[in-house]
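Source file: my_file.tsv (TSV, C-alpha atoms)
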chain	number	residue	atom	x	y	z
R	26	MET	CA	-5.16	12.17	18.93
R	27	ALA	CA	-4.53	11.56	15.28
R	28	HIS	CA	-1.98	13.69	13.39
R	29	ILE	CA	-4.82	15.40	11.46
R	30	GLN	CA	-8.44	16.22	12.31
R	31	LEU	CA	-10.37	13.02	11.47
R	32	PRO	CA	-14.08	12.25	12.04
R	33	GLU	CA	-14.59	10.99	15.62
R	34	GLY	CA	-15.50	7.46	16.61
R	35	LEU	CA	-14.18	5.70	13.52
R	36	PRO	CA	-11.38	3.21	14.28
R	37	GLY	CA	-8.25	2.65	12.21
R	38	ILE	CA	-8.50	3.21	8.47
R	39	ARG	CA	-12.16	4.23	8.64
R	40	GLY	CA	-11.32	7.76	9.83
R	41	PRO	CA	-9.05	8.63	6.89
R	42	LEU	CA	-11.41	6.81	4.48
R	43	VAL	CA	-14.29	9.11	5.45
R	44	PHE	CA	-11.94	12.12	5.48
R	45	SER	CA	-10.92	11.51	1.83
R	46	PRO	CA	-13.83	10.12	-0.23
R	47	ALA	CA	-12.04	10.52	-3.58
R	48	THR	CA	-9.29	8.05	-2.71
R	49	THR	CA	-11.57	5.72	-0.75
R	50	GLN	CA	-13.34	4.15	-3.70
R	51	PRO	CA	-10.20	2.76	-5.39
R	52	LEU	CA	-8.84	1.64	-2.00
R	53	CYS	CA	-12.05	-0.27	-1.20
R	54	ASP	CA	-12.24	-1.70	-4.74
R	55	LEU	CA	-8.64	-2.87	-4.41
R	56	VAL	CA	-9.10	-4.64	-1.08
R	57	GLU	CA	-12.38	-6.20	-2.22
R	58	ALA	CA	-10.76	-7.58	-5.42
R	59	LEU	CA	-7.66	-8.80	-3.58
R	60	LEU	CA	-9.30	-10.40	-0.56
R	61	ARG	CA	-12.74	-11.38	-1.86
R	62	GLY	CA	-12.60	-11.48	-5.67
R	63	PRO	CA	-12.43	-14.73	-7.66
R	64	SER	CA	-9.24	-16.60	-6.68
R	65	THR	CA	-7.95	-20.12	-6.15
R	66	LEU	CA	-6.70	-18.94	-2.74
R	67	THR	CA	-9.50	-19.17	-0.14
R	68	LEU	CA	-10.90	-16.12	1.62
R	69	ALA	CA	-9.26	-17.30	4.84
R	70	GLU	CA	-5.86	-17.77	3.16
R	71	ARG	CA	-5.91	-14.26	1.73
R	72	GLU	CA	-6.96	-12.68	5.05
R	73	ILE	CA	-4.14	-14.67	6.74
R	74	ILE	CA	-1.58	-13.17	4.34
R	75	ALA	CA	-2.96	-9.67	5.07
R	76	THR	CA	-2.85	-10.37	8.82
R	77	TYR	CA	0.69	-11.71	8.74
R	78	VAL	CA	2.05	-8.69	6.87
R	79	SER	CA	0.16	-6.29	9.17
R	80	ALA	CA	1.67	-8.06	12.19
R	81	GLN	CA	5.17	-7.75	10.69
R	82	ASN	CA	4.45	-4.04	10.18
R	83	ASP	CA	3.23	-3.84	13.80
R	84	CYS	CA	-0.11	-2.29	12.78
R	85	TYR	CA	-2.52	-3.12	15.60
R	86	TYR	CA	-5.76	-2.19	13.86
R	87	CYS	CA	-5.04	-4.06	10.62
R	88	GLN	CA	-3.62	-7.24	12.16
R	89	THR	CA	-6.47	-7.48	14.68
R	90	SER	CA	-9.34	-6.71	12.29
R	91	HIS	CA	-8.03	-8.86	9.40
R	92	GLY	CA	-6.96	-11.60	11.85
R	93	SER	CA	-10.52	-11.64	13.16
R	94	THR	CA	-11.92	-11.75	9.62
R	95	ALA	CA	-9.63	-14.71	8.81
R	96	ALA	CA	-10.77	-16.51	11.99
R	97	GLN	CA	-14.40	-15.88	11.07
R	98	HIS	CA	-13.86	-17.35	7.59
R	99	LEU	CA	-12.42	-20.47	9.27
R	100	GLY	CA	-15.43	-20.93	11.57
R	101	GLY	CA	-15.11	-18.16	14.16
R	102	GLY	CA	-14.44	-20.29	17.26
R	103	SER	CA	-11.71	-19.80	19.87
R	104	ALA	CA	-9.57	-22.50	18.16
R	105	GLU	CA	-9.58	-20.43	14.97
R	106	TYR	CA	-8.62	-17.22	16.79
R	107	GLU	CA	-5.85	-19.22	18.49
R	108	LEU	CA	-4.56	-20.43	15.11
R	109	ILE	CA	-4.31	-16.84	13.89
R	110	GLY	CA	-2.40	-15.90	17.04
R	111	ARG	CA	0.07	-18.77	16.50
R	112	MET	CA	0.49	-17.94	12.82
R	113	LYS	CA	1.44	-14.35	13.69
R	114	LEU	CA	4.06	-15.55	16.17
R	115	ASP	CA	5.63	-18.17	13.87
R	116	CYS	CA	4.07	-19.12	10.56
R	117	GLU	CA	6.50	-22.01	9.98
R	118	THR	CA	5.34	-24.00	13.04
R	119	ALA	CA	1.63	-23.10	12.85
R	120	PRO	CA	-0.74	-25.78	11.50
R	121	LEU	CA	-0.92	-24.42	7.94
R	122	SER	CA	-0.42	-26.13	4.58
R	123	ASP	CA	3.09	-26.16	3.10
R	124	LYS	CA	1.80	-24.00	0.27
R	125	MET	CA	0.54	-21.36	2.73
R	126	LYS	CA	3.81	-21.40	4.64
R	127	ALA	CA	5.70	-20.80	1.39
R	128	LEU	CA	3.34	-17.97	0.39
R	129	LEU	CA	3.69	-16.37	3.84
R	130	ALA	CA	7.48	-16.55	3.44
R	131	ILE	CA	7.14	-14.58	0.18
R	132	ALA	CA	4.78	-12.10	1.86
R	133	GLY	CA	7.32	-11.64	4.66
R	134	GLN	CA	10.02	-10.82	2.13
R	135	VAL	CA	7.77	-8.32	0.35
R	136	GLN	CA	7.12	-6.67	3.72
R	137	LYS	CA	10.87	-6.02	4.07
R	138	GLY	CA	11.11	-4.79	0.47
R	139	GLY	CA	10.37	-6.12	-3.02
R	140	LYS	CA	13.99	-7.02	-3.76
R	141	PHE	CA	14.11	-9.44	-0.78
R	142	VAL	CA	12.00	-11.97	-2.71
R	143	THR	CA	14.38	-14.59	-4.13
R	144	THR	CA	14.07	-17.15	-6.91
R	145	GLU	CA	14.30	-19.80	-4.16
R	146	ASP	CA	11.31	-18.30	-2.32
R	147	VAL	CA	9.27	-18.49	-5.52
R	148	GLU	CA	10.50	-22.01	-6.35
R	149	ARG	CA	9.53	-23.21	-2.88
R	150	ALA	CA	5.98	-21.91	-3.34
R	151	ARG	CA	5.75	-23.45	-6.80
R	152	SER	CA	7.00	-26.85	-5.55
R	153	HIS	CA	4.10	-26.87	-3.09
R	154	GLY	CA	1.59	-26.24	-5.84
R	155	ALA	CA	1.32	-22.42	-5.94
R	156	THR	CA	0.40	-21.04	-9.38
R	157	ASP	CA	1.82	-17.88	-10.96
R	158	LYS	CA	-1.46	-16.10	-10.23
R	159	GLU	CA	-1.34	-17.15	-6.57
R	160	ILE	CA	2.24	-15.89	-6.28
R	161	HIS	CA	1.19	-12.64	-8.00
R	162	ASP	CA	-1.74	-12.22	-5.63
R	163	THR	CA	0.42	-12.96	-2.58
R	164	VAL	CA	2.94	-10.28	-3.61
R	165	LEU	CA	0.20	-7.73	-4.28
R	166	ILE	CA	-1.70	-8.48	-1.04
R	167	ALA	CA	1.55	-8.10	0.92
R	168	ALA	CA	2.43	-4.89	-0.96
R	169	ALA	CA	-1.08	-3.47	-0.47
R	170	PHE	CA	-0.93	-4.05	3.28
R	171	CYS	CA	2.41	-2.25	3.39
R	172	MET	CA	0.29	0.65	2.10
R	173	PHE	CA	-2.77	0.19	4.32
R	174	ASN	CA	-0.62	-0.26	7.47
R	175	ARG	CA	1.31	2.94	6.71
R	176	TYR	CA	-1.90	4.83	6.00
R	177	VAL	CA	-3.36	3.75	9.37
R	178	ASP	CA	-0.24	4.32	11.49
R	179	GLY	CA	1.24	7.21	9.50
R	180	LEU	CA	-1.77	9.35	10.48
R	181	ASP	CA	-1.74	7.98	14.05
R	182	THR	CA	-5.40	6.90	13.87
R	183	TRP	CA	-7.55	5.85	16.83
R	184	GLN	CA	-7.12	2.09	17.39
R	185	PRO	CA	-9.27	0.85	20.28
R	186	ARG	CA	-8.01	-2.12	22.32
R	187	ASP	CA	-11.44	-3.73	22.84
R	188	PRO	CA	-11.27	-7.41	21.67
R	189	GLU	CA	-15.07	-7.68	21.29
R	190	LEU	CA	-15.03	-4.82	18.83
R	191	TYR	CA	-12.64	-6.70	16.54
R	192	VAL	CA	-14.71	-9.89	16.76
R	193	GLU	CA	-17.65	-7.84	15.49
R	194	ILE	CA	-15.55	-6.20	12.75
R	195	GLY	CA	-14.38	-9.68	11.67
R	196	ARG	CA	-17.95	-11.02	11.59
R	197	GLN	CA	-19.25	-8.13	9.53
R	198	THR	CA	-16.31	-8.12	7.13
R	199	ALA	CA	-16.41	-11.90	6.59
R	200	ALA	CA	-20.14	-11.70	5.86
R	201	LEU	CA	-20.36	-8.50	3.81
R	202	GLY	CA	-16.89	-7.55	2.59
R	203	TYR	CA	-15.33	-4.15	2.05
R	204	VAL	CA	-17.66	-2.41	-0.37
R	205	ALA	CA	-21.21	-3.38	0.54
R	206	ARG	CA	-21.31	-2.72	4.26
R	207	ASP	CA	-21.90	0.42	6.26
R	208	TRP	CA	-18.63	1.19	8.00
R	209	LYS	CA	-19.04	4.97	8.07
R	210	ARG	CA	-21.12	5.05	11.24
R	211	PRO	CA	-19.25	5.90	14.47
R	212	LEU	CA	-19.02	2.93	16.81
R	213	PRO	CA	-21.31	2.78	19.86
R	214	THR	CA	-18.19	2.22	22.01
R	215	ALA	CA	-16.67	5.49	20.82
R	216	ALA	CA	-18.53	7.62	23.35
R	217	SER	CA	-16.87	5.83	26.27
R	218	LYS	CA	-13.31	6.35	25.00
E	20	MET	CA	13.39	-12.83	-16.02
E	21	ALA	CA	10.45	-12.01	-13.81
E	22	HIS	CA	9.49	-14.37	-10.96
E	23	ILE	CA	6.25	-15.25	-12.76
E	24	ARG	CA	5.21	-15.38	-16.41
E	25	VAL	CA	4.03	-11.96	-17.59
E	26	PRO	CA	3.61	-10.69	-21.19
E	27	GLU	CA	6.94	-9.83	-22.83
E	28	GLY	CA	8.06	-6.28	-23.55
E	29	LEU	CA	5.92	-4.56	-20.92
E	30	PRO	CA	8.14	-2.56	-18.56
E	31	GLY	CA	7.82	-2.48	-14.76
E	32	ILE	CA	4.33	-2.52	-13.32
E	33	LEU	CA	2.69	-2.96	-16.74
E	34	GLY	CA	3.69	-6.65	-16.86
E	35	PRO	CA	1.90	-7.80	-13.68
E	36	MET	CA	-0.96	-5.37	-14.37
E	37	ALA	CA	-1.63	-7.20	-17.65
E	38	ILE	CA	-2.31	-10.52	-15.88
E	39	SER	CA	-4.62	-9.12	-13.19
E	40	PRO	CA	-7.30	-6.84	-14.71
E	41	GLU	CA	-9.52	-6.75	-11.61
E	42	THR	CA	-6.83	-5.28	-9.35
E	43	THR	CA	-5.34	-3.16	-12.13
E	44	LYS	CA	-8.47	-1.05	-12.52
E	45	ALA	CA	-8.36	-0.07	-8.83
E	46	LEU	CA	-4.59	0.56	-8.91
E	47	ARG	CA	-4.88	2.84	-11.96
E	48	GLU	CA	-7.77	4.77	-10.42
E	49	LEU	CA	-5.83	5.18	-7.18
E	50	ALA	CA	-2.76	6.57	-8.99
E	51	GLU	CA	-4.94	8.91	-11.05
E	52	VAL	CA	-6.80	10.43	-8.11
E	53	LEU	CA	-3.68	10.65	-5.91
E	54	LEU	CA	-1.35	12.16	-8.51
E	55	ARG	CA	-3.67	13.99	-10.90
E	56	GLY	CA	-7.01	14.51	-9.15
E	57	PRO	CA	-8.18	17.94	-7.89
E	58	ASN	CA	-5.74	19.02	-5.19
E	59	THR	CA	-4.03	22.06	-3.66
E	60	LEU	CA	-0.72	20.23	-4.15
E	61	THR	CA	0.40	20.55	-7.77
E	62	ALA	CA	0.77	17.48	-9.96
E	63	ALA	CA	4.54	18.17	-10.00
E	64	GLU	CA	4.66	18.21	-6.18
E	65	ARG	CA	2.74	14.95	-5.92
E	66	GLU	CA	4.91	13.21	-8.54
E	67	THR	CA	7.97	14.50	-6.66
E	68	ILE	CA	6.73	12.85	-3.45
E	69	ALA	CA	6.11	9.59	-5.37
E	70	THR	CA	9.59	9.79	-6.91
E	71	TYR	CA	11.32	10.46	-3.60
E	72	VAL	CA	9.64	7.51	-1.86
E	73	SER	CA	10.42	5.24	-4.83
E	74	SER	CA	14.07	6.25	-4.70
E	75	GLN	CA	14.17	5.55	-0.93
E	76	ASN	CA	12.73	2.12	-1.75
E	77	ASP	CA	15.38	1.73	-4.47
E	78	CYS	CA	12.78	0.96	-7.13
E	79	CYS	CA	14.41	1.85	-10.45
E	80	PHE	CA	11.29	1.72	-12.64
E	81	CYS	CA	9.08	3.82	-10.35
E	82	GLN	CA	11.65	6.48	-9.49
E	83	LEU	CA	12.64	6.99	-13.15
E	84	SER	CA	9.12	6.95	-14.61
E	85	HIS	CA	7.54	9.14	-11.90
E	86	GLY	CA	10.66	11.32	-11.82
E	87	ALA	CA	10.16	11.88	-15.55
E	88	ALA	CA	6.46	12.67	-14.98
E	89	ALA	CA	7.42	15.21	-12.28
E	90	ALA	CA	10.04	16.78	-14.58
E	91	GLU	CA	7.56	16.95	-17.47
E	92	HIS	CA	5.07	18.76	-15.22
E	93	MET	CA	7.85	21.31	-14.61
E	94	GLY	CA	8.71	21.91	-18.27
E	95	GLY	CA	11.40	19.22	-18.40
E	96	ASN	CA	13.40	20.13	-15.28
E	97	TYR	CA	15.09	16.74	-14.78
E	98	GLU	CA	17.97	18.31	-12.88
E	99	LEU	CA	15.74	19.40	-10.01
E	100	ILE	CA	14.36	15.86	-9.64
E	101	ASP	CA	17.90	14.47	-9.40
E	102	ARG	CA	18.71	17.02	-6.70
E	103	VAL	CA	15.57	16.13	-4.73
E	104	LYS	CA	16.50	12.45	-4.85
E	105	SER	CA	20.07	12.98	-3.72
E	106	ASP	CA	19.34	15.64	-1.05
E	107	TYR	CA	15.98	17.39	-1.01
E	108	ALA	CA	16.96	19.55	1.98
E	109	THR	CA	19.33	21.55	-0.23
E	110	ALA	CA	17.23	21.44	-3.42
E	111	GLU	CA	15.50	24.59	-4.70
E	112	ILE	CA	12.00	23.65	-3.60
E	113	PRO	CA	9.60	25.41	-1.20
E	114	GLU	CA	9.82	24.80	2.57
E	115	LYS	CA	6.37	23.23	2.54
E	116	LEU	CA	7.43	20.58	0.04
E	117	LYS	CA	10.59	19.88	2.05
E	118	ALA	CA	8.50	19.32	5.17
E	119	LEU	CA	6.09	17.06	3.25
E	120	LEU	CA	9.02	15.06	1.84
E	121	ALA	CA	10.25	14.60	5.42
E	122	VAL	CA	6.82	13.16	6.35
E	123	ALA	CA	6.90	10.94	3.24
E	124	GLY	CA	10.39	9.70	4.15
E	125	LYS	CA	9.13	8.67	7.60
E	126	VAL	CA	6.14	6.84	6.08
E	127	GLN	CA	8.55	4.97	3.80
E	128	LYS	CA	10.33	3.58	6.88
E	129	GLY	CA	7.03	2.76	8.57
E	130	GLY	CA	3.86	4.58	9.65
E	131	LYS	CA	4.90	4.87	13.29
E	132	TYR	CA	8.02	6.88	12.39
E	133	VAL	CA	5.89	9.97	11.65
E	134	THR	CA	6.08	12.24	14.72
E	135	PRO	CA	3.89	15.16	15.86
E	136	GLU	CA	6.99	17.33	15.21
E	137	ASP	CA	7.12	16.21	11.56
E	138	VAL	CA	3.45	17.13	11.19
E	139	GLU	CA	3.89	20.46	13.03
E	140	ARG	CA	6.78	21.40	10.77
E	141	ALA	CA	4.62	20.78	7.69
E	142	ARG	CA	1.74	22.72	9.20
E	143	SER	CA	3.91	25.70	10.12
E	144	ALA	CA	5.18	25.76	6.52
E	145	GLY	CA	1.55	26.10	5.41
E	146	ALA	CA	0.46	22.50	4.77
E	147	THR	CA	-3.23	21.74	5.37
E	148	ASP	CA	-4.60	18.56	6.96
E	149	LYS	CA	-5.66	17.37	3.51
E	150	GLU	CA	-2.18	17.93	2.11
E	151	ILE	CA	-0.65	16.01	5.02
E	152	HIS	CA	-3.19	13.22	4.49
E	153	ASP	CA	-2.42	13.06	0.78
E	154	THR	CA	1.33	13.03	1.41
E	155	VAL	CA	0.97	10.08	3.80
E	156	LEU	CA	-1.25	8.18	1.35
E	157	ILE	CA	0.97	8.88	-1.68
E	158	ALA	CA	4.02	7.69	0.29
E	159	ALA	CA	2.12	4.61	1.52
E	160	ALA	CA	0.81	3.83	-1.97
E	161	PHE	CA	4.33	3.94	-3.43
E	162	CYS	CA	5.49	1.55	-0.72
E	163	MET	CA	2.91	-0.74	-2.36
E	164	PHE	CA	3.67	0.03	-6.03
E	165	ASN	CA	7.44	-0.32	-5.46
E	166	ARG	CA	7.00	-3.71	-3.77
E	167	TYR	CA	4.67	-4.90	-6.54
E	168	VAL	CA	7.23	-3.97	-9.20
E	169	ASP	CA	10.35	-5.34	-7.45
E	170	GLY	CA	8.67	-8.22	-5.56
E	171	LEU	CA	7.90	-9.87	-8.91
E	172	ALA	CA	11.34	-8.97	-10.37
E	173	THR	CA	9.77	-7.22	-13.37
E	174	TRP	CA	11.71	-6.15	-16.47
E	175	GLN	CA	12.90	-2.54	-16.06
E	176	PRO	CA	14.41	-0.87	-19.15
E	177	SER	CA	17.79	0.85	-18.79
E	178	ASP	CA	17.27	3.38	-21.62
E	179	PRO	CA	16.63	6.90	-20.18
E	180	GLN	CA	14.64	7.85	-23.29
E	181	ALA	CA	12.09	5.12	-22.51
E	182	TYR	CA	11.40	6.80	-19.17
E	183	ARG	CA	11.12	10.26	-20.74
E	184	GLU	CA	8.41	8.96	-23.04
E	185	MET	CA	6.64	7.24	-20.14
E	186	GLY	CA	6.85	10.40	-18.06
E	187	GLN	CA	5.34	12.49	-20.87
E	188	ARG	CA	2.41	10.11	-21.21
E	189	MET	CA	1.91	9.90	-17.43
E	190	ALA	CA	2.03	13.68	-17.06
E	191	HIS	CA	-0.20	14.54	-20.01
E	192	GLU	CA	-2.49	11.54	-20.47
E	193	GLY	CA	-2.62	10.19	-16.94
E	194	TYR	CA	-2.96	6.71	-15.54
E	195	ILE	CA	-6.33	5.56	-16.80
E	196	ARG	CA	-5.73	4.47	-20.35
E	197	THR	CA	-5.29	1.30	-22.34
E	198	ASN	CA	-1.79	0.33	-23.38
Please lay out the structure from this file as structure tokens.
Amino acid sequence: MAHIQLPEGLPGIRGPLVFSPATTQPLCDLVEALLRGPSTLTLAEREIIATYVSAQNDCYYCQTSHGSTAAQHLGGGSAEYELIGRMKLDCETAPLSDKMKALLAIAGQVQKGGKFVTTEDVERARSHGATDKEIHDTVLIAAAFCMFNRYVDGLDTWQPRDPELYVEIGRQTAALGYVARDWKRPLPTAASK
Amino acid sequence: MAHIRVPEGLPGILGPMAISPETTKALRELAEVLLRGPNTLTAAERETIATYVSSQNDCCFCQLSHGAAAAEHMGGNYELIDRVKSDYATAEIPEKLKALLAVAGKVQKGGKYVTPEDVERARSAGATDKEIHDTVLIAAAFCMFNRYVDGLATWQPSDPQAYREMGQRMAHEGYIRTN
């Protein structure tokens, strides 16, 4: 049971989001702008950064739902889900571009704390073609998921372990994003939990 | 010098905010509703939570600016804010706020550190579910703001008067305004 009385049947962040409508709009606007707004980083790249940070923070709901969304942006097959799994285990050996590896290294430093980011980390990203805006967005995505992960785990929310559920969450999120879709409805699987 | 090129002379978070208007609008609205929106926690209490988390994250700009905002909400009581930062357990603040600061301190380390005992302690001191929720989200949000400010190595003024002026504006004018 969650630390506070949350609406039933809503996994992860959705419970607290429905519980607190006043804070939900800026949170949804933020994640929509960061992960789906205009950017030279692809949708998949930004979801991968969010997934990596959530994995480092050990947040099951966020790493599984955003990992699934990233895989869906890449095509949605088992090879894409496998890539996300490998990236979470070791981003340096996963088949990613050098630029992405350098941005994930920055994101990993932000996860530990802002001051861990070094000039060398930033230079490495720049030498692989990252722009100032891409470095800015990487830092803010990583920082934002240090918030979202703490929101989800700090209230001890319900995080089902049903892989099919996360495939569906990934499909819907990749297609519709964070603002437009109906995520306030309890899940059909909730009754059986 | 900051890790990326941001406009000169803008302290702390204002530099990166200036180069990313689409995320800045959401960040400002989040700070406004969390710290100044309708709430049973006072604005001073919420700024105190933000200040404590920022000091645990060792973010100079955030702890000094929000500490000043908290002090301004309390008629300029900067001494109390310093005591909260160095040891809130012995500071002259209500039990409920101490219990909420304990929850916030756990969130700063990581969400899973918050225990049912932490939550029970807050509840027995009179905290509602909404107040516990808001404490967790304020603490989580400052784990974001602090990382945004330090992760880009922003310019952070050393003059205490600069933070007093920021704190006055934050306390009295809020977070949704043009610079």
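Proximity of E:Gly170, E:Gly193, E:Pro113, E:Gly95 to Ile32 of chain E, computed with all atoms listed in the file, is greatest for E:Gly170.
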Hey, can you check how far atom CA of Thr118 of chain R sits from atom CA of Gly129 of chain E? 27.2 Å
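With distances restricted to all atoms listed in the file, R:His28 is the closest residue to chain E from R:Arg186, R:Arg151, R:His28, R:Lys124.
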Residues of chain E within 9 Å of chain R, counting all atoms listed in the file - could you list those as a compact mmCIF listing (two decimals) with C-alpha atoms, in the frame of the given file?
# COMPACT_ATOMS: atom_id res chain seq x y z
CA HIS E 22 9.49 -14.37 -10.96
CA ILE E 23 6.25 -15.25 -12.76
CA ARG E 24 5.21 -15.38 -16.41
CA PRO E 35 1.90 -7.80 -13.68
CA ILE E 38 -2.31 -10.52 -15.88
CA SER E 39 -4.62 -9.12 -13.19
CA GLU E 41 -9.52 -6.75 -11.61
CA THR E 42 -6.83 -5.28 -9.35
CA THR E 43 -5.34 -3.16 -12.13
CA LYS E 44 -8.47 -1.05 -12.52
CA ALA E 45 -8.36 -0.07 -8.83
CA LEU E 46 -4.59 0.56 -8.91
CA ARG E 47 -4.88 2.84 -11.96
CA GLU E 48 -7.77 4.77 -10.42
CA LEU E 49 -5.83 5.18 -7.18
CA VAL E 52 -6.80 10.43 -8.11
CA LEU E 53 -3.68 10.65 -5.91
CA GLY E 56 -7.01 14.51 -9.15
CA ASN E 76 12.73 2.12 -1.75
CA ASP E 77 15.38 1.73 -4.47
CA CYS E 78 12.78 0.96 -7.13
CA VAL E 122 6.82 13.16 6.35
CA LYS E 125 9.13 8.67 7.60
CA VAL E 126 6.14 6.84 6.08
CA GLN E 127 8.55 4.97 3.80
CA GLY E 129 7.03 2.76 8.57
CA GLY E 130 3.86 4.58 9.65
CA LYS E 131 4.90 4.87 13.29
CA TYR E 132 8.02 6.88 12.39
CA VAL E 133 5.89 9.97 11.65
CA THR E 134 6.08 12.24 14.72
CA PRO E 135 3.89 15.16 15.86
CA VAL E 138 3.45 17.13 11.19
CA GLU E 139 3.89 20.46 13.03
CA THR E 147 -3.23 21.74 5.37
CA ASP E 148 -4.60 18.56 6.96
CA LYS E 149 -5.66 17.37 3.51
CA ILE E 151 -0.65 16.01 5.02
CA HIS E 152 -3.19 13.22 4.49
CA ASP E 153 -2.42 13.06 0.78
CA VAL E 155 0.97 10.08 3.80
CA LEU E 156 -1.25 8.18 1.35
CA ALA E 158 4.02 7.69 0.29
CA ALA E 159 2.12 4.61 1.52
CA ALA E 160 0.81 3.83 -1.97
CA PHE E 161 4.33 3.94 -3.43
CA CYS E 162 5.49 1.55 -0.72
CA MET E 163 2.91 -0.74 -2.36
CA PHE E 164 3.67 0.03 -6.03
CA ASN E 165 7.44 -0.32 -5.46
CA ARG E 166 7.00 -3.71 -3.77
CA TYR E 167 4.67 -4.90 -6.54
CA VAL E 168 7.23 -3.97 -9.20
CA ASP E 169 10.35 -5.34 -7.45
CA GLY E 170 8.67 -8.22 -5.56
CA LEU E 171 7.90 -9.87 -8.91
CA ALA E 172 11.34 -8.97 -10.37
Could you give me, as a Markdown table, a per-residue list for segment 105-176 of chain E showing, wherever an atom lies at most 7 Å from an atom of segment 28-31 of chain E, the closest pair of atoms and their distance in Å to one decimal, using all atoms listed in the file and sorting by chain then residue number from low to high?
| residue | atom | partner | partner_atom | distance |
| --- | --- | --- | --- | --- |
| E:Val168 | CA | E:Gly31 | CA | 5.8 |
| E:Thr173 | CA | E:Gly31 | CA | 5.3 |
| E:Trp174 | CA | E:Pro30 | CA | 5.5 |
| E:Gln175 | CA | E:Gly31 | CA | 5.2 |
| E:Pro176 | CA | E:Pro30 | CA | 6.5 |
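The space between atom CA of Asp123 of chain R and atom CA of Ala150 of chain R spans 8.2 Å.
Straight-line separation from atom CA of Glu64 of chain E to atom CA of Pro40 of chain E: 29.0 Å.
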Need to verify the contact set: Tyr107 of chain E, 12 Å, only C-alpha atoms, exclusion of same-chain residues closer than 3 positions in sequence. Can you return it as a short mmCIF file (atom, residue, chain, number, x, y, z; two decimals) with C-alpha atoms, keeping the file's coordinate frame?
data_model
loop_
_atom_site.label_atom_id
_atom_site.label_comp_id
_atom_site.auth_asym_id
_atom_site.auth_seq_id
_atom_site.Cartn_x
_atom_site.Cartn_y
_atom_site.Cartn_z
CA THR E 67 7.97 14.50 -6.66
CA ILE E 68 6.73 12.85 -3.45
CA THR E 70 9.59 9.79 -6.91
CA TYR E 71 11.32 10.46 -3.60
CA VAL E 72 9.64 7.51 -1.86
CA SER E 74 14.07 6.25 -4.70
CA GLN E 75 14.17 5.55 -0.93
CA LEU E 99 15.74 19.40 -10.01
CA ILE E 100 14.36 15.86 -9.64
CA ASP E 101 17.90 14.47 -9.40
CA ARG E 102 18.71 17.02 -6.70
CA VAL E 103 15.57 16.13 -4.73
CA LYS E 104 16.50 12.45 -4.85
CA ALA E 110 17.23 21.44 -3.42
CA GLU E 111 15.50 24.59 -4.70
CA ILE E 112 12.00 23.65 -3.60
CA PRO E 113 9.60 25.41 -1.20
CA GLU E 114 9.82 24.80 2.57
CA LYS E 115 6.37 23.23 2.54
CA LEU E 116 7.43 20.58 0.04
CA LYS E 117 10.59 19.88 2.05
CA ALA E 118 8.50 19.32 5.17
CA LEU E 119 6.09 17.06 3.25
CA LEU E 120 9.02 15.06 1.84
CA ALA E 121 10.25 14.60 5.42
CA ALA E 123 6.90 10.94 3.24
CA GLY E 124 10.39 9.70 4.15
#
